[in-house]
file start-v7.cif (mmCIF, C-alpha atoms)
data_upload
#
loop_
_atom_site.label_atom_id
_atom_site.label_comp_id
_atom_site.auth_asym_id
_atom_site.auth_seq_id
_atom_site.Cartn_x
_atom_site.Cartn_y
_atom_site.Cartn_z
CA MET A 174 27.04 9.87 -17.63
CA LYS A 175 23.84 8.82 -15.88
CA ILE A 176 23.34 5.78 -18.12
CA SER A 177 26.84 4.51 -17.39
CA SER A 178 26.26 4.82 -13.64
CA GLU A 179 23.02 2.85 -13.90
CA LEU A 180 24.65 0.14 -15.98
CA SER A 181 27.68 -0.14 -13.77
CA ARG A 182 25.50 -0.42 -10.66
CA PHE A 183 23.45 -3.18 -12.27
CA GLY A 184 26.58 -4.95 -13.50
CA GLU A 185 27.99 -5.03 -9.99
CA LEU A 186 24.74 -6.24 -8.41
CA ARG A 187 24.82 -9.76 -6.97
CA VAL A 188 22.22 -12.09 -5.51
CA GLY A 189 22.36 -11.66 -1.74
CA HIS A 190 22.99 -7.90 -1.91
CA GLU A 191 21.26 -6.26 1.03
CA LEU A 192 19.33 -3.00 0.81
CA PRO A 193 20.05 -0.31 3.42
CA GLN A 194 17.91 -0.66 6.51
CA ARG A 195 15.61 2.18 7.53
CA VAL A 196 13.86 2.75 10.84
CA PHE A 197 10.22 3.85 10.82
CA GLU A 198 8.44 5.07 13.91
CA CYS A 199 4.98 6.48 13.28
CA GLY A 200 3.51 8.75 15.94
CA ASN A 201 -0.16 9.54 16.30
CA VAL A 202 0.13 12.87 14.45
CA GLN A 203 1.65 11.17 11.41
CA LEU A 204 -0.94 8.39 11.54
CA MET A 205 -3.74 10.94 11.71
CA LEU A 206 -2.32 12.83 8.71
CA TYR A 207 -1.98 9.60 6.75
CA ASN A 208 -5.56 8.50 7.37
CA ALA A 209 -6.83 12.02 6.67
CA SER A 210 -5.10 11.93 3.29
CA LEU A 211 -7.03 8.71 2.52
CA TRP A 212 -10.37 9.78 4.04
CA ASN A 213 -10.05 6.77 6.35
CA GLY A 214 -12.17 7.20 9.47
CA HIS A 215 -11.52 3.76 11.00
CA ARG A 216 -11.44 4.43 14.74
CA ILE A 217 -8.69 1.90 15.52
CA HIS A 218 -6.29 4.45 13.97
CA PHE A 219 -7.12 7.50 16.13
CA ASP A 220 -9.48 6.62 19.00
CA GLU A 221 -7.26 4.92 21.56
CA PRO A 222 -9.94 4.03 24.16
CA TYR A 223 -11.97 2.47 21.34
CA ALA A 224 -8.97 0.56 19.95
CA ARG A 225 -8.09 -0.80 23.40
CA GLU A 226 -11.46 -1.34 25.05
CA VAL A 227 -13.74 -2.27 22.16
CA GLU A 228 -11.40 -3.96 19.70
CA GLY A 229 -8.86 -5.25 22.22
CA TYR A 230 -5.71 -3.84 20.61
CA PRO A 231 -2.75 -2.76 22.79
CA GLY A 232 -2.70 0.69 21.13
CA LEU A 233 -3.55 2.67 17.99
CA VAL A 234 -3.13 0.43 14.96
CA LEU A 235 -1.01 1.53 12.00
CA ALA A 236 -2.84 1.48 8.67
CA GLY A 237 -1.71 -1.51 6.60
CA PRO A 238 -1.19 0.34 3.29
CA MET A 239 1.28 2.70 4.99
CA LEU A 240 3.60 -0.24 5.58
CA GLY A 241 3.19 -1.12 1.92
CA ASP A 242 4.29 2.40 1.06
CA TRP A 243 7.34 2.01 3.33
CA LEU A 244 8.40 -1.06 1.32
CA HIS A 245 8.33 1.11 -1.81
CA GLN A 246 10.40 3.78 -0.06
CA CYS A 247 12.96 1.21 1.07
CA VAL A 248 13.48 0.09 -2.54
CA GLU A 249 13.32 3.56 -4.12
CA GLU A 250 15.88 5.06 -1.72
CA TRP A 251 18.24 2.22 -2.62
CA LEU A 252 17.62 2.61 -6.38
CA GLU A 253 17.93 6.41 -6.33
CA ASP A 254 17.40 7.53 -9.94
CA ASP A 255 19.14 4.47 -11.40
CA GLY A 256 15.98 2.41 -11.82
CA ARG A 257 12.31 2.05 -11.03
CA ILE A 258 9.88 -0.39 -9.45
CA LEU A 259 8.06 -2.53 -12.01
CA SER A 260 5.89 -4.43 -9.55
CA ILE A 261 5.31 -5.18 -5.89
CA ASP A 262 3.43 -7.93 -4.08
CA TYR A 263 3.13 -7.59 -0.30
CA SER A 264 0.88 -8.63 2.55
CA ASN A 265 0.26 -7.31 6.04
CA ARG A 266 0.61 -10.27 8.41
CA VAL A 267 0.93 -8.83 11.92
CA ALA A 268 -0.68 -5.71 13.38
CA THR A 269 1.66 -2.83 14.26
CA TYR A 270 1.12 0.17 16.52
CA VAL A 271 1.79 3.85 17.01
CA ASP A 272 5.28 4.60 18.38
CA GLU A 273 6.46 1.06 17.61
CA LYS A 274 9.97 0.92 16.15
CA LEU A 275 9.87 -0.86 12.77
CA PHE A 276 12.65 -1.66 10.33
CA SER A 277 12.56 -1.97 6.54
CA GLY A 278 15.06 -3.84 4.44
CA GLY A 279 15.50 -6.32 1.62
CA THR A 280 17.74 -8.76 -0.23
CA VAL A 281 18.30 -9.22 -3.96
CA THR A 282 17.15 -12.76 -4.80
CA ALA A 283 17.48 -12.91 -8.60
CA ILE A 284 19.08 -10.95 -11.42
CA ARG A 285 17.75 -10.95 -14.99
CA ALA A 286 20.79 -9.75 -16.88
CA GLU A 287 19.09 -9.62 -20.29
CA SER A 288 16.42 -7.12 -19.18
CA GLY A 289 18.36 -5.18 -16.53
CA GLU A 290 15.92 -6.37 -13.88
CA ALA A 291 16.33 -7.69 -10.36
CA GLU A 292 14.00 -9.37 -7.90
CA VAL A 293 14.15 -8.20 -4.30
CA ASP A 294 12.59 -9.75 -1.19
CA VAL A 295 11.58 -6.89 1.08
CA PHE A 296 10.28 -6.74 4.62
CA ILE A 297 9.11 -4.63 7.51
CA LYS A 298 10.17 -6.17 10.85
CA ASN A 299 9.24 -5.24 14.38
CA ALA A 300 11.64 -4.87 17.30
CA GLU A 301 11.35 -8.60 18.10
CA GLY A 302 12.58 -9.39 14.59
CA THR A 303 9.20 -10.70 13.41
CA VAL A 304 8.45 -9.90 9.78
CA VAL A 305 5.14 -8.03 9.89
CA THR A 306 4.93 -7.17 6.17
CA PRO A 307 6.83 -9.33 3.67
CA GLY A 308 6.90 -8.51 -0.02
CA LYS A 309 8.50 -9.13 -3.38
CA VAL A 310 9.55 -6.32 -5.69
CA VAL A 311 10.81 -6.38 -9.27
CA VAL A 312 12.99 -3.44 -10.32
CA ARG A 313 14.46 -2.38 -13.65
CA PHE A 314 17.70 -0.45 -13.91
CA GLY A 315 18.16 2.16 -16.61
CA GLU A 316 14.61 3.52 -16.35
CA SER A 317 13.33 6.11 -13.91
CA TRP A 318 10.52 8.66 -13.70
CA MET B 59 -18.86 -24.78 9.41
CA SER B 60 -18.32 -22.09 6.78
CA VAL B 61 -19.39 -18.53 7.48
CA LEU B 62 -19.77 -17.96 3.74
CA SER B 63 -23.17 -18.74 2.24
CA GLU B 64 -23.89 -19.35 -1.43
CA ASP B 65 -25.62 -15.97 -1.53
CA LEU B 66 -22.44 -14.23 -0.36
CA LEU B 67 -20.25 -16.11 -2.83
CA ALA B 68 -22.60 -15.12 -5.66
CA ASN B 69 -21.18 -11.61 -5.37
CA ILE B 70 -17.87 -12.70 -6.90
CA GLY B 71 -17.52 -11.00 -10.26
CA LEU B 72 -19.24 -7.76 -9.27
CA ARG B 73 -17.65 -4.80 -10.98
CA SER B 74 -17.75 -1.08 -10.16
CA GLU B 75 -18.56 1.68 -12.56
CA PRO B 76 -15.43 3.52 -13.76
CA ARG B 77 -14.50 6.47 -11.54
CA ARG B 78 -12.33 9.44 -12.41
CA GLU B 79 -10.13 11.43 -10.07
CA LEU B 80 -7.85 14.40 -10.68
CA VAL B 81 -4.27 14.23 -9.40
CA THR B 82 -3.27 17.46 -7.65
CA ARG B 83 0.09 18.65 -6.38
CA ARG B 84 -1.43 19.34 -2.98
CA ASP B 85 -2.75 15.78 -2.57
CA ILE B 86 0.61 14.35 -3.66
CA ARG B 87 2.43 16.53 -1.13
CA LYS B 88 0.09 15.59 1.70
CA TYR B 89 0.50 11.91 0.92
CA ALA B 90 4.30 12.14 0.64
CA VAL B 91 4.59 13.98 3.96
CA ALA B 92 2.18 11.66 5.77
CA THR B 93 4.05 8.55 4.65
CA GLY B 94 7.42 9.93 5.79
CA ASN B 95 8.79 10.09 2.26
CA ARG B 96 12.28 11.67 2.00
CA GLN B 97 12.48 12.29 -1.76
CA ARG B 98 12.18 15.90 -2.84
CA LYS B 99 10.33 15.14 -6.14
CA TYR B 100 7.47 13.67 -4.10
CA LEU B 101 7.55 16.16 -1.21
CA ASP B 102 7.32 19.01 -3.76
CA GLY B 103 4.50 17.21 -5.58
CA ASP B 104 6.26 17.10 -8.97
CA LEU B 105 5.65 13.35 -9.25
CA ALA B 106 3.30 11.02 -7.35
CA PRO B 107 4.92 8.34 -5.15
CA PRO B 108 4.27 4.82 -6.45
CA MET B 109 1.32 3.96 -4.19
CA PHE B 110 -0.38 7.36 -4.43
CA HIS B 111 -3.09 6.09 -6.79
CA VAL B 112 -4.42 3.71 -4.13
CA PRO B 113 -5.54 6.32 -1.56
CA LEU B 114 -6.67 8.61 -4.37
CA PHE B 115 -9.46 6.12 -4.99
CA TRP B 116 -10.35 5.50 -1.34
CA ASP B 117 -14.09 6.21 -1.23
CA VAL B 118 -15.05 9.72 -0.11
CA VAL B 119 -18.28 8.82 1.67
CA GLU B 120 -20.73 10.92 3.63
CA LEU B 121 -20.95 10.63 7.42
CA ASP B 122 -24.07 8.49 7.41
CA GLN B 123 -22.27 5.99 5.18
CA LEU B 124 -19.77 5.19 7.93
CA THR B 125 -20.27 2.30 10.35
CA PRO B 126 -19.99 3.04 14.12
CA ASP B 127 -16.30 2.03 13.98
CA GLY B 128 -15.69 4.63 11.28
CA VAL B 129 -15.31 2.28 8.32
CA SER B 130 -16.93 3.28 5.05
CA ILE B 131 -19.63 0.89 3.90
CA ASP B 132 -18.56 -0.66 0.63
CA THR B 133 -21.64 -0.56 -1.57
CA LEU B 134 -20.20 -3.26 -3.79
CA LEU B 135 -19.89 -5.73 -0.91
CA PRO B 136 -22.66 -7.71 0.77
CA LYS B 137 -22.98 -7.63 4.56
CA PHE B 138 -20.60 -10.22 5.95
CA PRO B 139 -21.15 -12.18 9.19
CA LEU B 140 -17.81 -10.80 10.50
CA GLU B 141 -17.38 -7.11 11.30
CA LYS B 142 -13.72 -6.15 11.94
CA ALA B 143 -11.99 -5.09 8.73
CA MET B 144 -8.24 -4.99 8.06
CA ALA B 145 -6.07 -4.25 5.04
CA GLY B 146 -4.51 -7.43 3.68
CA GLY B 147 -2.02 -6.69 0.94
CA LEU B 148 -1.54 -5.47 -2.61
CA ASN B 149 -0.02 -6.74 -5.82
CA ILE B 150 0.67 -3.82 -8.17
CA ASP B 151 2.21 -3.53 -11.64
CA TYR B 152 3.45 -0.05 -12.54
CA HIS B 153 3.25 1.04 -16.17
CA LEU B 154 3.32 4.85 -16.21
CA PRO B 155 4.24 7.76 -13.94
CA VAL B 156 1.50 9.87 -12.33
CA ARG B 157 1.88 13.65 -12.21
CA PRO B 158 -0.18 16.64 -11.08
CA GLY B 159 -2.89 17.41 -13.62
CA ASP B 160 -3.35 13.80 -14.69
CA TRP B 161 -6.81 12.32 -14.62
CA LEU B 162 -6.94 8.69 -13.50
CA THR B 163 -9.84 6.36 -14.15
CA ALA B 164 -10.25 3.21 -12.06
CA THR B 165 -12.49 0.19 -12.21
CA ARG B 166 -12.47 -2.60 -9.66
CA THR B 167 -13.81 -6.14 -9.77
CA LEU B 168 -14.46 -8.47 -6.85
CA THR B 169 -12.52 -11.53 -7.99
CA ASP B 170 -12.76 -13.80 -4.95
CA ILE B 171 -14.27 -14.27 -1.49
CA TYR B 172 -12.77 -17.02 0.66
CA GLU B 173 -12.40 -18.03 4.25
CA LYS B 174 -9.51 -19.11 6.50
CA VAL B 175 -9.40 -19.96 10.17
CA GLY B 176 -6.88 -17.86 12.08
CA ARG B 177 -5.73 -17.90 15.71
CA SER B 178 -8.68 -15.75 16.72
CA GLY B 179 -11.30 -17.59 14.65
CA PRO B 180 -12.65 -17.39 11.10
CA LEU B 181 -11.38 -14.74 8.67
CA ILE B 182 -13.03 -13.69 5.42
CA PHE B 183 -10.79 -12.51 2.58
CA THR B 184 -12.04 -10.42 -0.31
CA LYS B 185 -9.83 -10.13 -3.34
CA TRP B 186 -10.14 -7.21 -5.75
CA SER B 187 -8.70 -6.59 -9.15
CA TRP B 188 -8.19 -2.91 -9.94
CA MET B 189 -7.32 -1.30 -13.22
CA TRP B 190 -6.09 2.28 -13.32
CA LEU B 191 -5.93 4.19 -16.58
CA THR B 192 -4.21 7.53 -16.97
CA ARG B 193 -5.14 10.41 -19.18
CA MET B 194 -2.78 13.32 -19.33
CA THR B 195 -3.75 16.92 -18.65
CA ASN B 196 -6.07 18.60 -21.18
CA TRP B 197 -8.21 15.53 -21.60
#
call {"tool": "encode", "arguments": {"input": "start-v7.cif", "output": "structure tokens"}}
result
Amino acid sequence: MKISSELSRFGELRVGHELPQRVFECGNVQLMLYNASLWNGHRIHFDEPYAREVEGYPGLVLAGPMLGDWLHQCVEEWLEDDGRILSIDYSNRVATYVDEKLFSGGTVTAIRAESGEAEVDVFIKNAEGTVVTPGKVVVRFGESW
Amino acid sequence: MSVLSEDLLANIGLRSEPRRELVTRRDIRKYAVATGNRQRKYLDGDLAPPMFHVPLFWDVVELDQLTPDGVSIDTLLPKFPLEKAMAGGLNIDYHLPVRPGDWLTATRTLTDIYEKVGRSGPLIFTKWSWMWLTRMTNW
């Protein structure tokens, strides 16, 4: 039953298919918990006077790898249990801040019918529509953990 | 003029000793919650989210190994002429799932140091290659 659902989803997939958009808004409690889980003491993530006055940022800076994680979540929530991520390649291009509204999404750019794989361009955008974290993900249908 | 001297560039190729870390349900849960994950298998800690192995190997350093801005001093890196550090990006291939009880071993190699000029002046990029190996429970 599960296999047929995975195969039928892949069979219906077309280049240009858009992944569901998700809104992310990280507050300072979440950012603190994230950096604590990494053992990341970089003051730009929790010391607002330091971030503003010493480093010249407009607020507390989100940790770059968290946006990378959000790209994974965007793809995994779309895949459900019908497939898995084989690889990701992303880069943080623009700084983002606590309480900023950010949006994840993606578009299928290629389908490899023989291997059940698809290539997806993914992004995190800010409220102005600027892509702050672009990435490329390869997924395979019919396999999940 | 380049901010990178020959001495700095000579560090390319440096490789860390292998390090082992144990994957625990508690650490998985904390990571899943902190990243805003909505999938039950991760929130319950039954399976590690895809990027979990990256923070698992973030250095746990002692307080005197932190710079005044709270960044851990990377003992594998030379002192650079620029001070403000930021995360660039990652390119990851996934081969196996990671579950509580697994031991992971990681080695990293400094594969490149290069410079670009951005809007605010020169930027130094360091590029690392990581390899993570898994060993199941009872190793």
call {"tool": "closest_residue", "arguments": {"input": "start-v7.cif", "among": "A:Gln246, A:Gln194, A:Ser181, A:Ser288", "to": "B:Thr93", "atoms": "all atoms listed in the file"}}
result
A:Gln246
call {"tool": "closest_residue", "arguments": {"input": "start-v7.cif", "among": "B:Leu72, B:Ala143, B:Leu62, B:Leu101", "to": "chain A", "atoms": "all atoms listed in the file"}}
result
B:Ala143
call {"tool": "interface_residues", "arguments": {"input": "start-v7.cif", "of": "chain A", "to": "chain B", "cutoff": "10 Å", "atoms": "all atoms listed in the file", "output": "NGL selection string"}}
result
:A and (197-199 or 202-218 or 220 or 223-224 or 227-228 or 236-243 or 245-247 or 249-250 or 253 or 257-268 or 306-311 or 317-318)
call {"tool": "resolve_selection", "arguments": {"input": "start-v7.cif", "expression": "the PyMOL selection byres ((chain A and resi 275) around 7)", "output": "JSON, numbers by chain"}}
result
{"A": [196, 197, 198, 273, 274, 276, 277, 297, 298, 299, 300]}
call {"tool": "atom_distance", "arguments": {"input": "start-v7.cif", "atom1": "atom CA of A:Glu221", "atom2": "atom CA of B:Glu173"}}
result
29.2 Å
call {"tool": "residues_near_point", "arguments": {"input": "start-v7.cif", "point": "(-8.2, 12.9, -7.0)", "cutoff": "8 Å", "atoms": "only C-alpha atoms", "output": "PDB file with C-alpha atoms, in the coordinates of the input"}}
result
ATOM      1  CA  ARG B  78     -12.330   9.440 -12.410  1.00  0.00           C
ATOM      2  CA  GLU B  79     -10.130  11.430 -10.070  1.00  0.00           C
ATOM      3  CA  LEU B  80      -7.850  14.400 -10.680  1.00  0.00           C
ATOM      4  CA  VAL B  81      -4.270  14.230  -9.400  1.00  0.00           C
ATOM      5  CA  THR B  82      -3.270  17.460  -7.650  1.00  0.00           C
ATOM      6  CA  ASP B  85      -2.750  15.780  -2.570  1.00  0.00           C
ATOM      7  CA  LEU B 114      -6.670   8.610  -4.370  1.00  0.00           C
ATOM      8  CA  PHE B 115      -9.460   6.120  -4.990  1.00  0.00           C
ATOM      9  CA  TRP B 161      -6.810  12.320 -14.620  1.00  0.00           C
ATOM     10  CA  LEU B 162      -6.940   8.690 -13.500  1.00  0.00           C
TER      11      LEU B 162
END
call {"tool": "atom_distance", "arguments": {"input": "start-v7.cif", "atom1": "atom CA of A:Glu287", "atom2": "atom CA of A:Glu191"}}
result
21.7 Å
call {"tool": "atom_distance", "arguments": {"input": "start-v7.cif", "atom1": "atom CA of B:Gly159", "atom2": "atom CA of A:Gly256"}}
result
24.2 Å
call {"tool": "closest_residue", "arguments": {"input": "start-v7.cif", "among": "B:Pro76, B:Leu181, B:Arg157, B:Thr167", "to": "B:Ser60", "atoms": "only C-alpha atoms"}}
result
B:Leu181
call {"tool": "closest_residue", "arguments": {"input": "start-v7.cif", "among": "B:Asp65, B:Asp104, B:Glu75, B:Asp132", "to": "B:Asp160", "atoms": "only C-alpha atoms"}}
result
B:Asp104
call {"tool": "residues_around", "arguments": {"input": "start-v7.cif", "residues": "B:Trp188", "least_positions_apart": "2", "cutoff": "7 Å", "atoms": "only C-alpha atoms", "output": "mmCIF file with C-alpha atoms, keeping the file's coordinate frame"}}
result
data_model
loop_
_atom_site.group_PDB
_atom_site.id
_atom_site.type_symbol
_atom_site.label_atom_id
_atom_site.label_comp_id
_atom_site.auth_asym_id
_atom_site.auth_seq_id
_atom_site.Cartn_x
_atom_site.Cartn_y
_atom_site.Cartn_z
ATOM 1 C CA ALA B 164 -10.250 3.210 -12.060
ATOM 2 C CA THR B 165 -12.490 0.190 -12.210
ATOM 3 C CA ARG B 166 -12.470 -2.600 -9.660
ATOM 4 C CA THR B 167 -13.810 -6.140 -9.770
ATOM 5 C CA TRP B 186 -10.140 -7.210 -5.750
ATOM 6 C CA TRP B 190 -6.090 2.280 -13.320
#
call {"tool": "closest_residue", "arguments": {"input": "start-v7.cif", "among": "A:Arg313, A:Gly302, A:Phe219, A:Gly279", "to": "A:Val234", "atoms": "only C-alpha atoms"}}
result
A:Phe219
